[in-house]
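Asks: Here you go, protein33.cif (mmCIF, C-alpha atoms):
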data_protein
loop_
_atom_site.group_PDB
_atom_site.id
_atom_site.type_symbol
_atom_site.label_atom_id
_atom_site.label_comp_id
_atom_site.auth_asym_id
_atom_site.auth_seq_id
_atom_site.Cartn_x
_atom_site.Cartn_y
_atom_site.Cartn_z
ATOM 1 C CA MET A 1 3.246 15.617 11.923
ATOM 2 C CA ILE A 2 3.516 11.940 10.953
ATOM 3 C CA LYS A 3 5.720 11.616 7.857
ATOM 4 C CA ILE A 4 4.359 9.075 5.374
ATOM 5 C CA ALA A 5 6.168 7.219 2.591
ATOM 6 C CA VAL A 6 4.099 5.549 -0.140
ATOM 7 C CA LEU A 7 5.775 2.652 -1.954
ATOM 8 C CA VAL A 8 4.631 2.052 -5.543
ATOM 9 C CA SER A 9 5.429 -0.012 -8.630
ATOM 10 C CA GLY A 10 2.933 1.006 -11.302
ATOM 11 C CA GLY A 11 0.254 3.525 -12.206
ATOM 12 C CA GLY A 12 -0.321 4.799 -8.700
ATOM 13 C CA THR A 13 -4.122 4.954 -8.574
ATOM 14 C CA ASN A 14 -4.084 4.242 -4.836
ATOM 15 C CA LEU A 15 -1.359 6.862 -4.416
ATOM 16 C CA GLN A 16 -3.622 9.362 -6.185
ATOM 17 C CA ALA A 17 -6.466 8.428 -3.837
ATOM 18 C CA LEU A 18 -4.164 9.173 -0.900
ATOM 19 C CA ILE A 19 -2.994 12.466 -2.414
ATOM 20 C CA ASP A 20 -6.621 13.524 -2.978
ATOM 21 C CA ALA A 21 -7.564 12.436 0.544
ATOM 22 C CA GLN A 22 -4.681 14.432 1.990
ATOM 23 C CA LYS A 23 -5.802 17.535 0.100
ATOM 24 C CA SER A 24 -9.306 17.118 1.508
ATOM 25 C CA GLY A 25 -7.969 16.879 5.069
ATOM 26 C CA ALA A 26 -8.696 13.182 5.566
ATOM 27 C CA PHE A 27 -5.586 12.610 7.697
ATOM 28 C CA PRO A 28 -4.627 15.992 9.193
ATOM 29 C CA GLN A 29 -2.010 14.454 11.480
ATOM 30 C CA GLY A 30 -0.043 12.969 8.575
ATOM 31 C CA GLU A 31 1.686 14.138 5.413
ATOM 32 C CA ILE A 32 2.990 12.187 2.425
ATOM 33 C CA THR A 33 6.605 13.343 2.188
ATOM 34 C CA LEU A 34 8.096 10.589 0.001
ATOM 35 C CA VAL A 35 7.000 8.339 -2.855
ATOM 36 C CA LEU A 36 9.411 5.446 -3.370
ATOM 37 C CA ALA A 37 9.103 3.421 -6.583
ATOM 38 C CA SER A 38 10.561 0.040 -7.492
ATOM 39 C CA ASN A 39 11.210 1.153 -11.090
ATOM 40 C CA THR A 40 11.812 4.356 -13.007
ATOM 41 C CA LYS A 41 8.858 3.777 -15.370
ATOM 42 C CA ALA A 42 6.171 3.808 -12.668
ATOM 43 C CA TYR A 43 3.604 6.470 -13.605
ATOM 44 C CA ALA A 44 3.064 6.952 -9.888
ATOM 45 C CA LEU A 45 6.281 8.997 -9.926
ATOM 46 C CA GLU A 46 4.575 11.531 -12.215
ATOM 47 C CA ARG A 47 1.598 11.696 -9.866
ATOM 48 C CA ALA A 48 3.978 12.431 -6.989
ATOM 49 C CA LYS A 49 5.835 15.123 -8.911
ATOM 50 C CA ASN A 50 2.548 16.747 -9.925
ATOM 51 C CA ALA A 51 1.638 16.903 -6.234
ATOM 52 C CA GLY A 52 5.018 18.324 -5.237
ATOM 53 C CA ILE A 53 6.071 15.191 -3.333
ATOM 54 C CA GLU A 54 9.695 14.089 -3.267
ATOM 55 C CA THR A 55 10.445 10.815 -5.071
ATOM 56 C CA ALA A 56 13.047 8.070 -4.990
ATOM 57 C CA VAL A 57 13.603 4.902 -7.031
ATOM 58 C CA ILE A 58 15.171 1.720 -5.663
ATOM 59 C CA SER A 59 15.174 -1.198 -8.098
ATOM 60 C CA ARG A 60 15.601 -4.731 -6.798
ATOM 61 C CA LYS A 61 17.495 -5.568 -9.996
ATOM 62 C CA SER A 62 20.250 -3.219 -8.849
ATOM 63 C CA PHE A 63 21.059 -5.511 -5.911
ATOM 64 C CA GLU A 64 22.357 -9.081 -6.090
ATOM 65 C CA ASP A 65 21.448 -9.694 -2.451
ATOM 66 C CA PRO A 66 17.802 -9.162 -1.364
ATOM 67 C CA ALA A 67 19.019 -8.083 2.085
ATOM 68 C CA GLN A 68 20.999 -5.235 0.505
ATOM 69 C CA TYR A 69 17.862 -4.125 -1.312
ATOM 70 C CA ASP A 70 15.918 -4.089 1.949
ATOM 71 C CA GLN A 71 18.715 -2.180 3.687
ATOM 72 C CA ALA A 72 18.691 0.410 0.894
ATOM 73 C CA ILE A 73 14.960 0.917 1.419
ATOM 74 C CA VAL A 74 15.418 1.287 5.182
ATOM 75 C CA LYS A 75 18.224 3.815 4.680
ATOM 76 C CA THR A 76 16.105 5.903 2.296
ATOM 77 C CA LEU A 77 13.125 5.842 4.666
ATOM 78 C CA ARG A 78 15.268 6.806 7.631
ATOM 79 C CA ASP A 79 17.057 9.539 5.676
ATOM 80 C CA HIS A 80 13.610 11.056 5.100
ATOM 81 C CA GLN A 81 12.602 10.538 8.766
ATOM 82 C CA ILE A 82 9.594 8.450 7.730
ATOM 83 C CA ASP A 83 7.181 7.371 10.481
ATOM 84 C CA LEU A 84 4.627 5.364 8.482
ATOM 85 C CA VAL A 85 5.011 3.260 5.317
ATOM 86 C CA VAL A 86 2.100 2.579 2.939
ATOM 87 C CA LEU A 87 2.349 -0.082 0.231
ATOM 88 C CA ALA A 88 0.138 1.018 -2.647
ATOM 89 C CA GLY A 89 0.604 -1.469 -5.457
ATOM 90 C CA PHE A 90 4.198 -2.211 -4.459
ATOM 91 C CA LEU A 91 5.056 -5.523 -6.120
ATOM 92 C CA SER A 92 8.271 -6.367 -4.273
ATOM 93 C CA ILE A 93 8.002 -8.410 -1.083
ATOM 94 C CA LEU A 94 9.620 -6.547 1.794
ATOM 95 C CA GLY A 95 12.130 -8.533 3.822
ATOM 96 C CA LYS A 96 12.877 -8.743 7.524
ATOM 97 C CA PRO A 97 15.176 -5.659 7.659
ATOM 98 C CA VAL A 98 12.326 -3.363 6.559
ATOM 99 C CA ILE A 99 9.665 -5.042 8.687
ATOM 100 C CA ASP A 100 11.914 -4.941 11.768
ATOM 101 C CA ALA A 101 12.685 -1.259 11.166
ATOM 102 C CA TYR A 102 8.972 -0.344 11.004
ATOM 103 C CA PRO A 103 7.060 -2.781 13.234
ATOM 104 C CA GLU A 104 3.291 -2.195 13.083
ATOM 105 C CA ARG A 105 4.006 0.825 10.878
ATOM 106 C CA ILE A 106 3.690 -0.697 7.391
ATOM 107 C CA LEU A 107 0.254 -0.830 5.737
ATOM 108 C CA ASN A 108 -0.756 -2.752 2.646
ATOM 109 C CA ILE A 109 -3.934 -2.681 0.576
ATOM 110 C CA HIS A 110 -5.004 -6.011 -0.932
ATOM 111 C CA PRO A 111 -7.861 -6.319 -3.475
ATOM 112 C CA SER A 112 -9.819 -9.107 -1.788
ATOM 113 C CA LEU A 113 -11.428 -9.917 1.544
ATOM 114 C CA ILE A 114 -8.525 -11.641 3.287
ATOM 115 C CA PRO A 115 -8.204 -14.614 3.922
ATOM 116 C CA SER A 116 -9.714 -15.222 0.474
ATOM 117 C CA PHE A 117 -7.546 -14.935 -2.657
ATOM 118 C CA CYS A 118 -4.401 -13.705 -0.932
ATOM 119 C CA GLY A 119 -0.818 -14.687 -0.246
ATOM 120 C CA ALA A 120 2.100 -15.371 -2.571
ATOM 121 C CA GLY A 121 1.200 -15.025 -6.253
ATOM 122 C CA PHE A 122 -2.090 -13.190 -5.680
ATOM 123 C CA TYR A 123 -1.730 -9.680 -7.042
ATOM 124 C CA GLY A 124 -3.293 -7.436 -9.677
ATOM 125 C CA LEU A 125 -5.832 -9.011 -12.010
ATOM 126 C CA ARG A 126 -4.943 -12.511 -10.744
ATOM 127 C CA VAL A 127 -6.893 -11.791 -7.553
ATOM 128 C CA HIS A 128 -10.047 -10.764 -9.419
ATOM 129 C CA GLN A 129 -9.758 -13.647 -11.902
ATOM 130 C CA ALA A 130 -9.554 -16.064 -8.974
ATOM 131 C CA ALA A 131 -12.676 -14.567 -7.380
ATOM 132 C CA LEU A 132 -14.589 -14.898 -10.651
ATOM 133 C CA ASP A 133 -13.319 -18.444 -11.255
ATOM 134 C CA TYR A 134 -14.412 -19.498 -7.773
ATOM 135 C CA GLY A 135 -17.857 -17.987 -8.259
ATOM 136 C CA VAL A 136 -18.046 -15.922 -5.082
ATOM 137 C CA LYS A 137 -20.798 -13.318 -4.964
ATOM 138 C CA VAL A 138 -18.904 -10.804 -2.837
ATOM 139 C CA THR A 139 -15.306 -9.675 -2.924
ATOM 140 C CA GLY A 140 -13.730 -6.416 -1.730
ATOM 141 C CA ALA A 141 -10.515 -4.988 -0.300
ATOM 142 C CA THR A 142 -8.502 -5.289 2.890
ATOM 143 C CA VAL A 143 -6.017 -2.974 4.572
ATOM 144 C CA HIS A 144 -3.654 -4.885 6.827
ATOM 145 C CA LEU A 145 -0.390 -4.435 8.657
ATOM 146 C CA VAL A 146 2.625 -6.055 7.006
ATOM 147 C CA ASN A 147 4.586 -8.901 8.562
ATOM 148 C CA GLU A 148 6.847 -11.567 7.070
ATOM 149 C CA ILE A 149 3.888 -13.585 5.735
ATOM 150 C CA PRO A 150 2.487 -12.199 2.445
ATOM 151 C CA ASP A 151 -0.936 -10.709 3.270
ATOM 152 C CA GLY A 152 -0.633 -12.260 6.734
ATOM 153 C CA GLY A 153 -0.539 -9.238 9.023
ATOM 154 C CA ARG A 154 -3.276 -7.974 11.317
ATOM 155 C CA ILE A 155 -6.370 -6.734 9.451
ATOM 156 C CA LEU A 156 -7.268 -3.087 10.039
ATOM 157 C CA LEU A 157 -10.195 -2.435 7.674
ATOM 158 C CA GLN A 158 -12.238 -4.321 5.100
ATOM 159 C CA LYS A 159 -14.976 -3.290 2.684
ATOM 160 C CA ALA A 160 -17.141 -5.612 0.610
ATOM 161 C CA VAL A 161 -18.011 -5.186 -3.075
ATOM 162 C CA GLU A 162 -20.667 -7.215 -4.849
ATOM 163 C CA ILE A 163 -19.753 -9.105 -7.995
ATOM 164 C CA GLN A 164 -22.078 -8.290 -10.896
ATOM 165 C CA PRO A 165 -23.239 -10.503 -13.786
ATOM 166 C CA GLY A 166 -20.892 -10.082 -16.737
ATOM 167 C CA ASP A 167 -17.962 -8.903 -14.654
ATOM 168 C CA THR A 168 -14.516 -9.328 -16.161
ATOM 169 C CA PRO A 169 -11.344 -9.132 -14.062
ATOM 170 C CA GLU A 170 -10.797 -5.612 -15.405
ATOM 171 C CA LEU A 171 -14.331 -4.408 -14.572
ATOM 172 C CA LEU A 172 -14.149 -5.969 -11.122
ATOM 173 C CA GLN A 173 -10.722 -4.489 -10.451
ATOM 174 C CA ARG A 174 -12.013 -1.013 -11.238
ATOM 175 C CA ARG A 175 -15.111 -1.378 -9.061
ATOM 176 C CA VAL A 176 -13.113 -2.741 -6.115
ATOM 177 C CA MET A 177 -10.751 0.222 -6.381
ATOM 178 C CA GLU A 178 -13.534 2.814 -6.603
ATOM 179 C CA GLU A 179 -15.889 1.319 -4.005
ATOM 180 C CA ALA A 180 -13.385 -0.105 -1.514
ATOM 181 C CA GLU A 181 -9.656 0.534 -1.926
ATOM 182 C CA TRP A 182 -9.842 4.312 -2.425
ATOM 183 C CA LYS A 183 -12.104 4.615 0.625
ATOM 184 C CA ILE A 184 -10.521 2.357 3.253
ATOM 185 C CA LEU A 185 -6.857 3.081 2.498
ATOM 186 C CA PRO A 186 -7.100 6.780 3.497
ATOM 187 C CA GLN A 187 -9.211 5.743 6.509
ATOM 188 C CA ALA A 188 -6.517 3.312 7.656
ATOM 189 C CA VAL A 189 -3.794 5.922 7.160
ATOM 190 C CA ALA A 190 -5.788 8.393 9.255
ATOM 191 C CA MET A 191 -6.278 5.777 11.969
ATOM 192 C CA LEU A 192 -2.577 4.958 12.237
ATOM 193 C CA CYS A 193 -1.576 8.633 12.088
ATOM 194 C CA ARG A 194 -3.822 9.268 15.098
ATOM 195 C CA GLN A 195 -2.300 6.330 16.975
ATOM 196 C CA LEU A 196 1.290 7.302 16.165
ATOM 197 C CA GLY A 197 0.573 10.931 16.990
ATOM 198 C CA ALA A 198 -0.788 9.919 20.389
ATOM 199 C CA MET A 199 2.320 7.816 21.031
ATOM 200 C CA GLN A 200 4.560 10.759 20.161
ATOM 201 C CA ASP A 201 2.552 13.031 22.467
ATOM 202 C CA GLU A 202 3.046 10.596 25.342
ATOM 203 C CA ARG A 203 6.795 10.849 24.912
#
Re-express the file's structure as structure tokens.

Replies:
Amino acid sequence: MIKIAVLVSGGGTNLQALIDAQKSGAFPQGEITLVLASNTKAYALERAKNAGIETAVISRKSFEDPAQYDQAIVKTLRDHQIDLVVLAGFLSILGKPVIDAYPERILNIHPSLIPSFCGAGFYGLRVHQAALDYGVKVTGATVHLVNEIPDGGRILLQKAVEIQPGDTPELLQRRVMEEAEWKILPQAVAMLCRQLGAMQDER
């Protein structure tokens, strides 16, 4: 069984989508065994507890050196024997120690069709505001592997969402989550669980 850690910072809607997908058997080769939050106030922690999933909190503010923060994350992941890491609204940028510890094993969901409206500074409602300001007719979501470039890793899945007349950033954010993020994130997790499972079988 591939052990999955989901890293969160806020409400955890994508985490809930993964929990629901797991219950429905969407990724039978994997199991979410840890939810790691960047702050104690993240409602995602309540979602994890309600689902019986172990939680941990590692706050960047607790570390003067970013490298120490990254090393603390790696230690926690390794202590829980994590195989696959999923960033689901995790607002801290992971550094080289984490990326090196989990090469090609860290997924992120981004609320646009990369390479549009992505990179440093593009998160949350800012992404949807930028899409509306630019006047594009289609936006969507992207699941990609994580490397040292924000939103720069290899793309795994994308799904388009049409922008409607009268959309606000909040309305668009909700539609992108419902029509794209909550669908392709579990699909990407299932895909990587199959790949990692096959690699383990070969050993």

Asks: Just the residues within 8 Å of Leu15 (chain A), please, counting all atoms listed in the file, with nothing from its chain fewer than 2 positions along; format it as a count of residues only.

Replies: 10

Asks: Using all atoms listed in the file, pick whichever of A:Lys41, A:His144, A:Arg60, A:Lys137 has the shortest atom-to-atom distance to Pro111 (chain A).

Replies: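 Under the stated criterion, the closest residue is A:His144.
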
Asks: Rank nothing, just name the residue among A:Asp151, A:Ile32, A:Ala21, A:Leu45 nearest to Trp182 (chain A), using all atoms listed in the file.

Replies: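 Among the listed residues, the smallest separation from Trp182 (chain A) belongs to A:Ala21.
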
Asks: Can you work out the spacing between CA of Val176 (chain A) and CA of Val161 (chain A) in Å, to one decimal?

Replies: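 Going from CA of Val176 (chain A) over to CA of Val161 (chain A), I get 6.3 Å.
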
Asks: Tell me which protein, DNA and RNA residues are within 10 Å of His128 (chain A), counting all atoms listed in the file, leaving out same-chain ones fewer than 4 positions away, and put them as a list of chain:residue names.

Replies: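 Using all atoms listed in the file, the neighbours found are A:Pro111, A:Ser112, A:Phe117, A:Phe122, A:Tyr123, A:Gly124, A:Leu132, A:Asp133, A:Tyr134, A:Thr139, A:Gly140, A:Ile163, A:Asp167, A:Thr168, A:Pro169, A:Glu170, A:Leu171, A:Leu172, A:Gln173, A:Val176.
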
Asks: Run the PyMOL selection byres ((chain A and resi 190) around 10) mentally over the shown coordinates, then write out the matched residues as a PyMOL selection string, using the chain letters and numbers from the document.

Replies: chain A and resi 21-22+25-30+184-189+191-196

Asks: In Å to one decimal, how far is CA of Leu107 (chain A) from CA of Val86 (chain A)?

Replies: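 Calculated distance between CA of Val86 (chain A) and CA of Leu107 (chain A) is 4.8 Å.
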
Asks: Which residues fall under the PyMOL selection byres ((chain A and resi 157) around 7) in this file, as an MDAnalysis selection string?

Replies: chainID A and resid 142:143 155:156 158:159 184 188

Asks: Within 9 Å of region 77-81 of chain A, counting only C-alpha atoms, which residues qualify if same-chain residues fewer than 2 places away don't, as a PDB file with C-alpha atoms, in the coordinates of the input?

Replies:
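The result, stored in around.pdb:
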ATOM      1  CA  LYS A   3       5.720  11.616   7.857  1.00  0.00           C
ATOM      2  CA  ALA A   5       6.168   7.219   2.591  1.00  0.00           C
ATOM      3  CA  THR A  33       6.605  13.343   2.188  1.00  0.00           C
ATOM      4  CA  LEU A  34       8.096  10.589   0.001  1.00  0.00           C
ATOM      5  CA  LEU A  36       9.411   5.446  -3.370  1.00  0.00           C
ATOM      6  CA  ALA A  72      18.691   0.410   0.894  1.00  0.00           C
ATOM      7  CA  ILE A  73      14.960   0.917   1.419  1.00  0.00           C
ATOM      8  CA  VAL A  74      15.418   1.287   5.182  1.00  0.00           C
ATOM      9  CA  LYS A  75      18.224   3.815   4.680  1.00  0.00           C
ATOM     10  CA  ASP A  83       7.181   7.371  10.481  1.00  0.00           C
ATOM     11  CA  VAL A  85       5.011   3.260   5.317  1.00  0.00           C
TER      12      VAL A  85
END

Asks: When you count only C-alpha atoms, which of these residues is closest to Gln16 (chain A): A:Ile53, A:Leu125, A:Leu145, A:Ile2?

Replies: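 For Gln16 (chain A), the nearest of the given residues is A:Ile53.
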
Asks: Nearest to Lys183 (chain A) among A:Ala37, A:Gln200, A:Gly95, A:Ile109, with distances taken over only C-alpha atoms: which residue is it?

Replies: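 Nearest to Lys183 (chain A): A:Ile109.
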
Asks: Please provide as a ChimeraX atom specification all residues within 12 Å of Asn39 (chain A), with the sequence filter that same-chain residues fewer than 4 positions apart are discarded (counting only C-alpha atoms).

Replies: /A:7-11,35,43-45,55-62,90-92

Asks: In Å, rounded to a single decimal, give me how far CA of Arg174 (chain A) is from CA of Ile93 (chain A).

Replies: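 Result for CA of Ile93 (chain A) versus CA of Arg174 (chain A): 23.6 Å, one decimal.
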
Asks: Just so the selection is clear, what residues does the PyMOL selection byres ((chain A and resi 146) around 9) cover here, as a list in words?

Replies: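 Applying the expression gives Leu94, Ile99, Pro103, Glu104, Arg105, Ile106, Leu107, Asn108, His144, Leu145, Asn147, Glu148, Ile149, Pro150, Asp151, Gly152, Gly153 and Arg154 of chain A.
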
Asks: Where atoms are missing, can you supply N, CA and C atoms for region 83-100 of chain A and output the lot as a short mmCIF file (atom, residue, chain, number, x, y, z; two decimals), in the coordinates of the input?

Replies:
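The result, stored in selection.cif:
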data_model
loop_
_atom_site.label_atom_id
_atom_site.label_comp_id
_atom_site.auth_asym_id
_atom_site.auth_seq_id
_atom_site.Cartn_x
_atom_site.Cartn_y
_atom_site.Cartn_z
N ASP A 83 7.83 8.00 9.33
CA ASP A 83 7.18 7.37 10.48
C ASP A 83 6.27 6.22 10.08
N LEU A 84 5.64 6.33 8.91
CA LEU A 84 4.63 5.36 8.48
C LEU A 84 4.85 5.03 7.01
N VAL A 85 4.78 3.74 6.69
CA VAL A 85 5.01 3.26 5.32
C VAL A 85 3.71 2.67 4.78
N VAL A 86 3.32 3.09 3.57
CA VAL A 86 2.10 2.58 2.94
C VAL A 86 2.48 1.90 1.62
N LEU A 87 2.14 0.63 1.49
CA LEU A 87 2.35 -0.08 0.23
C LEU A 87 1.10 0.09 -0.62
N ALA A 88 1.27 0.73 -1.77
CA ALA A 88 0.14 1.02 -2.65
C ALA A 88 0.45 0.47 -4.04
N GLY A 89 0.24 -0.84 -4.20
CA GLY A 89 0.60 -1.47 -5.46
C GLY A 89 2.10 -1.67 -5.58
N PHE A 90 2.75 -1.95 -4.47
CA PHE A 90 4.20 -2.21 -4.46
C PHE A 90 4.40 -3.71 -4.63
N LEU A 91 5.03 -4.12 -5.73
CA LEU A 91 5.06 -5.52 -6.12
C LEU A 91 6.23 -6.31 -5.54
N SER A 92 7.17 -5.65 -4.90
CA SER A 92 8.27 -6.37 -4.27
C SER A 92 7.88 -6.75 -2.84
N ILE A 93 8.26 -7.96 -2.45
CA ILE A 93 8.00 -8.41 -1.08
C ILE A 93 9.08 -7.82 -0.17
N LEU A 94 8.66 -7.13 0.86
CA LEU A 94 9.62 -6.55 1.79
C LEU A 94 10.17 -7.62 2.72
N GLY A 95 11.48 -7.55 2.96
CA GLY A 95 12.13 -8.53 3.82
C GLY A 95 12.19 -8.09 5.28
N LYS A 96 12.80 -8.95 6.08
CA LYS A 96 12.88 -8.74 7.52
C LYS A 96 13.51 -7.40 7.93
N PRO A 97 14.57 -6.94 7.25
CA PRO A 97 15.18 -5.66 7.66
C PRO A 97 14.18 -4.49 7.65
N VAL A 98 13.30 -4.46 6.65
CA VAL A 98 12.33 -3.36 6.56
C VAL A 98 11.24 -3.54 7.61
N ILE A 99 10.75 -4.78 7.73
CA ILE A 99 9.66 -5.04 8.69
C ILE A 99 10.13 -4.78 10.12
N ASP A 100 11.37 -5.17 10.42
CA ASP A 100 11.91 -4.94 11.77
C ASP A 100 12.12 -3.45 12.05
#
